[in-house]
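Some notes on the structure that comes next.
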Amino acid sequence: MDIHDKPRIHWACRRGMLELDLAIMPFFEYEYDTLSDNDKKVFIALLQSDDPDLFNWMMDHGEPADAELKRMVKLIQQRNRERGPVAM
């Protein structure tokens with residue numbers, strides 16, 4: 001997936017699980033454009049993970065083995081905490 005294809009990335013962010021949508025969609029909408037190109041690639045790689053893995057990682061019930069994915073999960077959690085709740 002191309003890092004500039006925002007409609008496709010937006011579609012990939014929609015997970016169909018409320019907890020994931022609440023974590024991933026606001027991050028994409030508010031933070032994606034501020035990421036470096038490398039971080040955009042890591043974010044897209046994270047989106048290719050299975051929903052059960054993403055859920056566990058976002059809820060701190062485990063972490064990705066890959067260091068870059070782990071860093072991205074932590075970044076998403078941090079930015080979401082800093083921004084606070086967002087109505088969807």
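If you're wondering about the labels, chains in the structure tokens are A, B, ... by order shown, residues count from 1 in each chain, ligands from 1 in order shown.
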Report as CSV the residues of segment 18-57 of chain A within 9 Å of segment 62-80 of chain A, each with its shortest atom pair and distance in Å (one decimal), using only C-alpha atoms, ordered by chain and increasing residue number.
residue,atom,partner,partner_atom,distance
A:Ala23,CA,A:Asn80,CA,7.1
A:Ile24,CA,A:Ile76,CA,7.5
A:Pro26,CA,A:Asn80,CA,7.6
A:Phe27,CA,A:Ile76,CA,6.3
A:Glu31,CA,A:Arg79,CA,7.9
A:Asp39,CA,A:Met72,CA,7.6
A:Val42,CA,A:Leu69,CA,6.5
A:Phe43,CA,A:Met72,CA,6.5
A:Ala45,CA,A:Leu69,CA,7.6
A:Leu46,CA,A:Leu69,CA,6.1
A:Asp53,CA,A:Pro64,CA,8.0
A:Leu54,CA,A:Val73,CA,8.7
A:Asn56,CA,A:Gly62,CA,5.7
A:Trp57,CA,A:Glu63,CA,5.0
Take the residues that were just selected and, keeping C-alpha atoms, output them as a PDB file, in the first residue's frame.
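Resulting contents of again30.pdb:
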ATOM      1  CA  ALA A  23      -7.644   3.450  18.763  1.00  0.00           C
ATOM      2  CA  ILE A  24      -6.657   3.417  15.103  1.00  0.00           C
ATOM      3  CA  PRO A  26      -8.421   8.882  15.415  1.00  0.00           C
ATOM      4  CA  PHE A  27      -4.681   8.268  15.186  1.00  0.00           C
ATOM      5  CA  GLU A  31      -1.644  12.095  13.396  1.00  0.00           C
ATOM      6  CA  ASP A  39       6.676   5.844  10.243  1.00  0.00           C
ATOM      7  CA  VAL A  42       5.455   1.130   9.741  1.00  0.00           C
ATOM      8  CA  PHE A  43       1.855   2.208  10.402  1.00  0.00           C
ATOM      9  CA  ALA A  45       2.672  -2.606   8.131  1.00  0.00           C
ATOM     10  CA  LEU A  46       0.852  -2.561  11.471  1.00  0.00           C
ATOM     11  CA  ASP A  53      -3.108  -9.339  17.510  1.00  0.00           C
ATOM     12  CA  LEU A  54      -3.889  -5.630  17.097  1.00  0.00           C
ATOM     13  CA  ASN A  56      -4.051  -7.486  22.255  1.00  0.00           C
ATOM     14  CA  TRP A  57      -1.301  -4.993  21.486  1.00  0.00           C
TER      15      TRP A  57
END
Taking the DSSP secondary structure from the backbone, can you list the residues of chain A that are alpha helix (DSSP H), as an mmCIF file with N, CA, C and O atoms, in the first residue's frame?
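Below is the file part-v9.cif, written as the result:
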data_model
loop_
_atom_site.group_PDB
_atom_site.id
_atom_site.type_symbol
_atom_site.label_atom_id
_atom_site.label_comp_id
_atom_site.auth_asym_id
_atom_site.auth_seq_id
_atom_site.Cartn_x
_atom_site.Cartn_y
_atom_site.Cartn_z
ATOM 1 N N LYS A 6 -4.190 7.809 0.797
ATOM 2 C CA LYS A 6 -4.922 7.976 2.053
ATOM 3 C C LYS A 6 -6.314 7.337 2.043
ATOM 4 O O LYS A 6 -6.713 6.773 3.064
ATOM 5 N N PRO A 7 -7.054 7.372 0.950
ATOM 6 C CA PRO A 7 -8.353 6.686 0.988
ATOM 7 C C PRO A 7 -8.215 5.180 1.261
ATOM 8 O O PRO A 7 -8.991 4.608 2.023
ATOM 9 N N ARG A 8 -7.230 4.559 0.662
ATOM 10 C CA ARG A 8 -7.030 3.127 0.885
ATOM 11 C C ARG A 8 -6.544 2.850 2.313
ATOM 12 O O ARG A 8 -6.966 1.878 2.942
ATOM 13 N N ILE A 9 -5.676 3.696 2.821
ATOM 14 C CA ILE A 9 -5.194 3.533 4.198
ATOM 15 C C ILE A 9 -6.355 3.732 5.172
ATOM 16 O O ILE A 9 -6.511 2.977 6.126
ATOM 17 N N HIS A 10 -7.171 4.747 4.908
ATOM 18 C CA HIS A 10 -8.350 5.003 5.738
ATOM 19 C C HIS A 10 -9.243 3.767 5.772
ATOM 20 O O HIS A 10 -9.719 3.354 6.836
ATOM 21 N N TRP A 11 -9.462 3.168 4.622
ATOM 22 C CA TRP A 11 -10.279 1.962 4.544
ATOM 23 C C TRP A 11 -9.650 0.837 5.372
ATOM 24 O O TRP A 11 -10.345 0.116 6.069
ATOM 25 N N ALA A 12 -8.341 0.691 5.303
ATOM 26 C CA ALA A 12 -7.635 -0.361 6.046
ATOM 27 C C ALA A 12 -7.697 -0.130 7.557
ATOM 28 O O ALA A 12 -7.558 -1.075 8.336
ATOM 29 N N CYS A 13 -7.889 1.120 7.974
ATOM 30 C CA CYS A 13 -7.989 1.433 9.402
ATOM 31 C C CYS A 13 -9.304 0.949 9.990
ATOM 32 O O CYS A 13 -9.374 0.681 11.185
ATOM 33 N N LEU A 18 -14.974 -2.263 17.622
ATOM 34 C CA LEU A 18 -15.065 -0.911 18.186
ATOM 35 C C LEU A 18 -13.782 -0.467 18.874
ATOM 36 O O LEU A 18 -13.313 0.649 18.650
ATOM 37 N N GLU A 19 -13.200 -1.334 19.687
ATOM 38 C CA GLU A 19 -11.997 -0.956 20.422
ATOM 39 C C GLU A 19 -10.850 -0.589 19.473
ATOM 40 O O GLU A 19 -10.106 0.358 19.739
ATOM 41 N N LEU A 20 -10.727 -1.336 18.394
ATOM 42 C CA LEU A 20 -9.667 -1.026 17.421
ATOM 43 C C LEU A 20 -9.989 0.243 16.648
ATOM 44 O O LEU A 20 -9.105 1.057 16.387
ATOM 45 N N ASP A 21 -11.256 0.398 16.259
ATOM 46 C CA ASP A 21 -11.636 1.615 15.548
ATOM 47 C C ASP A 21 -11.378 2.857 16.400
ATOM 48 O O ASP A 21 -10.923 3.881 15.893
ATOM 49 N N LEU A 22 -11.636 2.756 17.701
ATOM 50 C CA LEU A 22 -11.423 3.893 18.599
ATOM 51 C C LEU A 22 -9.946 4.206 18.803
ATOM 52 O O LEU A 22 -9.590 5.336 19.139
ATOM 53 N N ALA A 23 -9.081 3.231 18.613
ATOM 54 C CA ALA A 23 -7.644 3.450 18.763
ATOM 55 C C ALA A 23 -7.003 3.880 17.450
ATOM 56 O O ALA A 23 -6.194 4.805 17.417
ATOM 57 N N ILE A 24 -7.369 3.226 16.369
ATOM 58 C CA ILE A 24 -6.657 3.417 15.103
ATOM 59 C C ILE A 24 -7.205 4.572 14.276
ATOM 60 O O ILE A 24 -6.432 5.351 13.715
ATOM 61 N N MET A 25 -8.521 4.699 14.176
ATOM 62 C CA MET A 25 -9.092 5.748 13.318
ATOM 63 C C MET A 25 -8.695 7.162 13.748
ATOM 64 O O MET A 25 -8.258 7.952 12.911
ATOM 65 N N PRO A 26 -8.829 7.522 15.037
ATOM 66 C CA PRO A 26 -8.421 8.882 15.415
ATOM 67 C C PRO A 26 -6.928 9.127 15.182
ATOM 68 O O PRO A 26 -6.530 10.217 14.775
ATOM 69 N N PHE A 27 -6.108 8.113 15.433
ATOM 70 C CA PHE A 27 -4.681 8.268 15.186
ATOM 71 C C PHE A 27 -4.444 8.573 13.715
ATOM 72 O O PHE A 27 -3.694 9.491 13.382
ATOM 73 N N PHE A 28 -5.094 7.833 12.847
ATOM 74 C CA PHE A 28 -4.942 8.088 11.406
ATOM 75 C C PHE A 28 -5.426 9.493 11.056
ATOM 76 O O PHE A 28 -4.737 10.243 10.362
ATOM 77 N N GLU A 29 -6.600 9.854 11.518
ATOM 78 C CA GLU A 29 -7.194 11.140 11.155
ATOM 79 C C GLU A 29 -6.404 12.339 11.684
ATOM 80 O O GLU A 29 -6.287 13.351 11.001
ATOM 81 N N TYR A 30 -5.866 12.222 12.901
ATOM 82 C CA TYR A 30 -5.215 13.367 13.530
ATOM 83 C C TYR A 30 -3.692 13.350 13.459
ATOM 84 O O TYR A 30 -3.073 14.406 13.589
ATOM 85 N N GLU A 31 -3.095 12.197 13.282
ATOM 86 C CA GLU A 31 -1.644 12.095 13.396
ATOM 87 C C GLU A 31 -0.921 11.649 12.127
ATOM 88 O O GLU A 31 0.264 11.926 11.978
ATOM 89 N N ASP A 37 7.888 9.566 6.571
ATOM 90 C CA ASP A 37 7.573 8.543 5.573
ATOM 91 C C ASP A 37 7.863 7.150 6.116
ATOM 92 O O ASP A 37 7.097 6.212 5.878
ATOM 93 N N ASN A 38 8.939 6.996 6.865
ATOM 94 C CA ASN A 38 9.254 5.692 7.446
ATOM 95 C C ASN A 38 8.177 5.264 8.440
ATOM 96 O O ASN A 38 7.753 4.109 8.434
ATOM 97 N N ASP A 39 7.724 6.187 9.286
ATOM 98 C CA ASP A 39 6.676 5.844 10.243
ATOM 99 C C ASP A 39 5.358 5.541 9.541
ATOM 100 O O ASP A 39 4.583 4.698 10.005
ATOM 101 N N LYS A 40 5.093 6.196 8.429
ATOM 102 C CA LYS A 40 3.890 5.874 7.654
ATOM 103 C C LYS A 40 3.967 4.435 7.151
ATOM 104 O O LYS A 40 2.979 3.700 7.192
ATOM 105 N N LYS A 41 5.137 4.018 6.710
ATOM 106 C CA LYS A 41 5.320 2.634 6.252
ATOM 107 C C LYS A 41 5.118 1.654 7.403
ATOM 108 O O LYS A 41 4.507 0.596 7.234
ATOM 109 N N VAL A 42 5.622 1.997 8.578
ATOM 110 C CA VAL A 42 5.455 1.130 9.741
ATOM 111 C C VAL A 42 3.981 1.058 10.131
ATOM 112 O O VAL A 42 3.460 -0.021 10.454
ATOM 113 N N PHE A 43 3.284 2.184 10.088
ATOM 114 C CA PHE A 43 1.855 2.208 10.402
ATOM 115 C C PHE A 43 1.092 1.301 9.441
ATOM 116 O O PHE A 43 0.242 0.504 9.859
ATOM 117 N N ILE A 44 1.407 1.385 8.160
ATOM 118 C CA ILE A 44 0.750 0.538 7.162
ATOM 119 C C ILE A 44 1.071 -0.933 7.426
ATOM 120 O O ILE A 44 0.194 -1.794 7.325
ATOM 121 N N ALA A 45 2.306 -1.225 7.790
ATOM 122 C CA ALA A 45 2.672 -2.606 8.131
ATOM 123 C C ALA A 45 1.860 -3.082 9.336
ATOM 124 O O ALA A 45 1.413 -4.241 9.368
ATOM 125 N N LEU A 46 1.651 -2.206 10.305
ATOM 126 C CA LEU A 46 0.852 -2.561 11.471
ATOM 127 C C LEU A 46 -0.578 -2.902 11.067
ATOM 128 O O LEU A 46 -1.172 -3.847 11.583
ATOM 129 N N LEU A 47 -1.126 -2.153 10.116
ATOM 130 C CA LEU A 47 -2.494 -2.393 9.658
ATOM 131 C C LEU A 47 -2.647 -3.755 8.991
ATOM 132 O O LEU A 47 -3.761 -4.262 8.871
ATOM 133 N N ASP A 51 -6.591 -8.764 13.385
ATOM 134 C CA ASP A 51 -7.329 -8.031 14.409
ATOM 135 C C ASP A 51 -7.080 -8.541 15.829
ATOM 136 O O ASP A 51 -6.906 -7.723 16.737
ATOM 137 N N PRO A 52 -7.055 -9.860 16.067
ATOM 138 C CA PRO A 52 -6.794 -10.299 17.450
ATOM 139 C C PRO A 52 -5.430 -9.834 17.968
ATOM 140 O O PRO A 52 -5.313 -9.446 19.136
ATOM 141 N N ASP A 53 -4.423 -9.834 17.097
ATOM 142 C CA ASP A 53 -3.108 -9.339 17.510
ATOM 143 C C ASP A 53 -3.166 -7.846 17.795
ATOM 144 O O ASP A 53 -2.675 -7.381 18.829
ATOM 145 N N LEU A 54 -3.766 -7.077 16.886
ATOM 146 C CA LEU A 54 -3.889 -5.630 17.097
ATOM 147 C C LEU A 54 -4.625 -5.326 18.397
ATOM 148 O O LEU A 54 -4.208 -4.451 19.153
ATOM 149 N N PHE A 55 -5.709 -6.040 18.632
ATOM 150 C CA PHE A 55 -6.475 -5.821 19.861
ATOM 151 C C PHE A 55 -5.602 -6.056 21.082
ATOM 152 O O PHE A 55 -5.571 -5.228 21.999
ATOM 153 N N ASN A 56 -4.905 -7.184 21.110
ATOM 154 C CA ASN A 56 -4.051 -7.486 22.255
ATOM 155 C C ASN A 56 -2.974 -6.431 22.451
ATOM 156 O O ASN A 56 -2.701 -6.007 23.579
ATOM 157 N N TRP A 57 -2.362 -6.005 21.384
ATOM 158 C CA TRP A 57 -1.301 -4.993 21.486
ATOM 159 C C TRP A 57 -1.843 -3.658 21.968
ATOM 160 O O TRP A 57 -1.248 -3.009 22.825
ATOM 161 N N MET A 58 -2.972 -3.225 21.410
ATOM 162 C CA MET A 58 -3.541 -1.928 21.790
ATOM 163 C C MET A 58 -4.048 -1.924 23.228
ATOM 164 O O MET A 58 -4.058 -0.887 23.881
ATOM 165 N N ALA A 67 10.322 -4.850 16.522
ATOM 166 C CA ALA A 67 10.596 -3.629 17.295
ATOM 167 C C ALA A 67 9.917 -2.400 16.697
ATOM 168 O O ALA A 67 9.437 -1.529 17.440
ATOM 169 N N GLU A 68 9.868 -2.302 15.387
ATOM 170 C CA GLU A 68 9.237 -1.136 14.751
ATOM 171 C C GLU A 68 7.725 -1.136 14.978
ATOM 172 O O GLU A 68 7.138 -0.092 15.235
ATOM 173 N N LEU A 69 7.099 -2.302 14.880
ATOM 174 C CA LEU A 69 5.662 -2.382 15.152
ATOM 175 C C LEU A 69 5.378 -2.067 16.613
ATOM 176 O O LEU A 69 4.410 -1.374 16.933
ATOM 177 N N LYS A 70 6.234 -2.560 17.493
ATOM 178 C CA LYS A 70 6.087 -2.271 18.925
ATOM 179 C C LYS A 70 6.173 -0.763 19.170
ATOM 180 O O LYS A 70 5.367 -0.195 19.913
ATOM 181 N N ARG A 71 7.129 -0.113 18.525
ATOM 182 C CA ARG A 71 7.284 1.337 18.663
ATOM 183 C C ARG A 71 6.033 2.072 18.162
ATOM 184 O O ARG A 71 5.559 3.025 18.780
ATOM 185 N N MET A 72 5.471 1.590 17.040
ATOM 186 C CA MET A 72 4.275 2.232 16.488
ATOM 187 C C MET A 72 3.081 2.054 17.410
ATOM 188 O O MET A 72 2.304 2.994 17.613
ATOM 189 N N VAL A 73 2.913 0.884 17.988
ATOM 190 C CA VAL A 73 1.817 0.659 18.940
ATOM 191 C C VAL A 73 1.947 1.637 20.103
ATOM 192 O O VAL A 73 0.973 2.282 20.503
ATOM 193 N N LYS A 74 3.147 1.769 20.641
ATOM 194 C CA LYS A 74 3.374 2.695 21.761
ATOM 195 C C LYS A 74 3.097 4.140 21.343
ATOM 196 O O LYS A 74 2.530 4.926 22.114
ATOM 197 N N LEU A 75 3.477 4.495 20.120
ATOM 198 C CA LEU A 75 3.226 5.851 19.620
ATOM 199 C C LEU A 75 1.725 6.110 19.499
ATOM 200 O O LEU A 75 1.237 7.171 19.902
ATOM 201 N N ILE A 76 0.996 5.158 18.963
ATOM 202 C CA ILE A 76 -0.463 5.298 18.849
ATOM 203 C C ILE A 76 -1.075 5.469 20.232
ATOM 204 O O ILE A 76 -1.885 6.376 20.454
ATOM 205 N N GLN A 77 -0.690 4.626 21.172
ATOM 206 C CA GLN A 77 -1.233 4.726 22.529
ATOM 207 C C GLN A 77 -0.896 6.076 23.163
ATOM 208 O O GLN A 77 -1.764 6.713 23.777
ATOM 209 N N GLN A 78 0.339 6.518 23.002
ATOM 210 C CA GLN A 78 0.766 7.795 23.582
ATOM 211 C C GLN A 78 0.003 8.965 22.985
ATOM 212 O O GLN A 78 -0.523 9.817 23.705
ATOM 213 N N ARG A 79 -0.049 9.023 21.665
ATOM 214 C CA ARG A 79 -0.740 10.147 21.012
ATOM 215 C C ARG A 79 -2.228 10.154 21.341
ATOM 216 O O ARG A 79 -2.821 11.223 21.516
ATOM 217 N N ASN A 80 -2.839 8.980 21.418
ATOM 218 C CA ASN A 80 -4.258 8.915 21.776
ATOM 219 C C ASN A 80 -4.483 9.402 23.203
ATOM 220 O O ASN A 80 -5.460 10.105 23.472
ATOM 221 N N ARG A 81 -3.589 9.041 24.119
ATOM 222 C CA ARG A 81 -3.705 9.529 25.509
ATOM 223 C C ARG A 81 -3.556 11.046 25.552
ATOM 224 O O ARG A 81 -4.308 11.732 26.249
ATOM 225 N N GLU A 82 -2.575 11.576 24.837
ATOM 226 C CA GLU A 82 -2.334 13.015 24.839
ATOM 227 C C GLU A 82 -3.505 13.781 24.257
ATOM 228 O O GLU A 82 -3.849 14.859 24.738
ATOM 229 N N ARG A 83 -4.114 13.252 23.223
ATOM 230 C CA ARG A 83 -5.210 13.923 22.545
ATOM 231 C C ARG A 83 -6.513 13.795 23.330
ATOM 232 O O ARG A 83 -7.367 14.652 23.305
#
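Taking atom CA of Gly84 of chain A as the reference point, atom CA of Asp33 of chain A is found at 18.4 Å.
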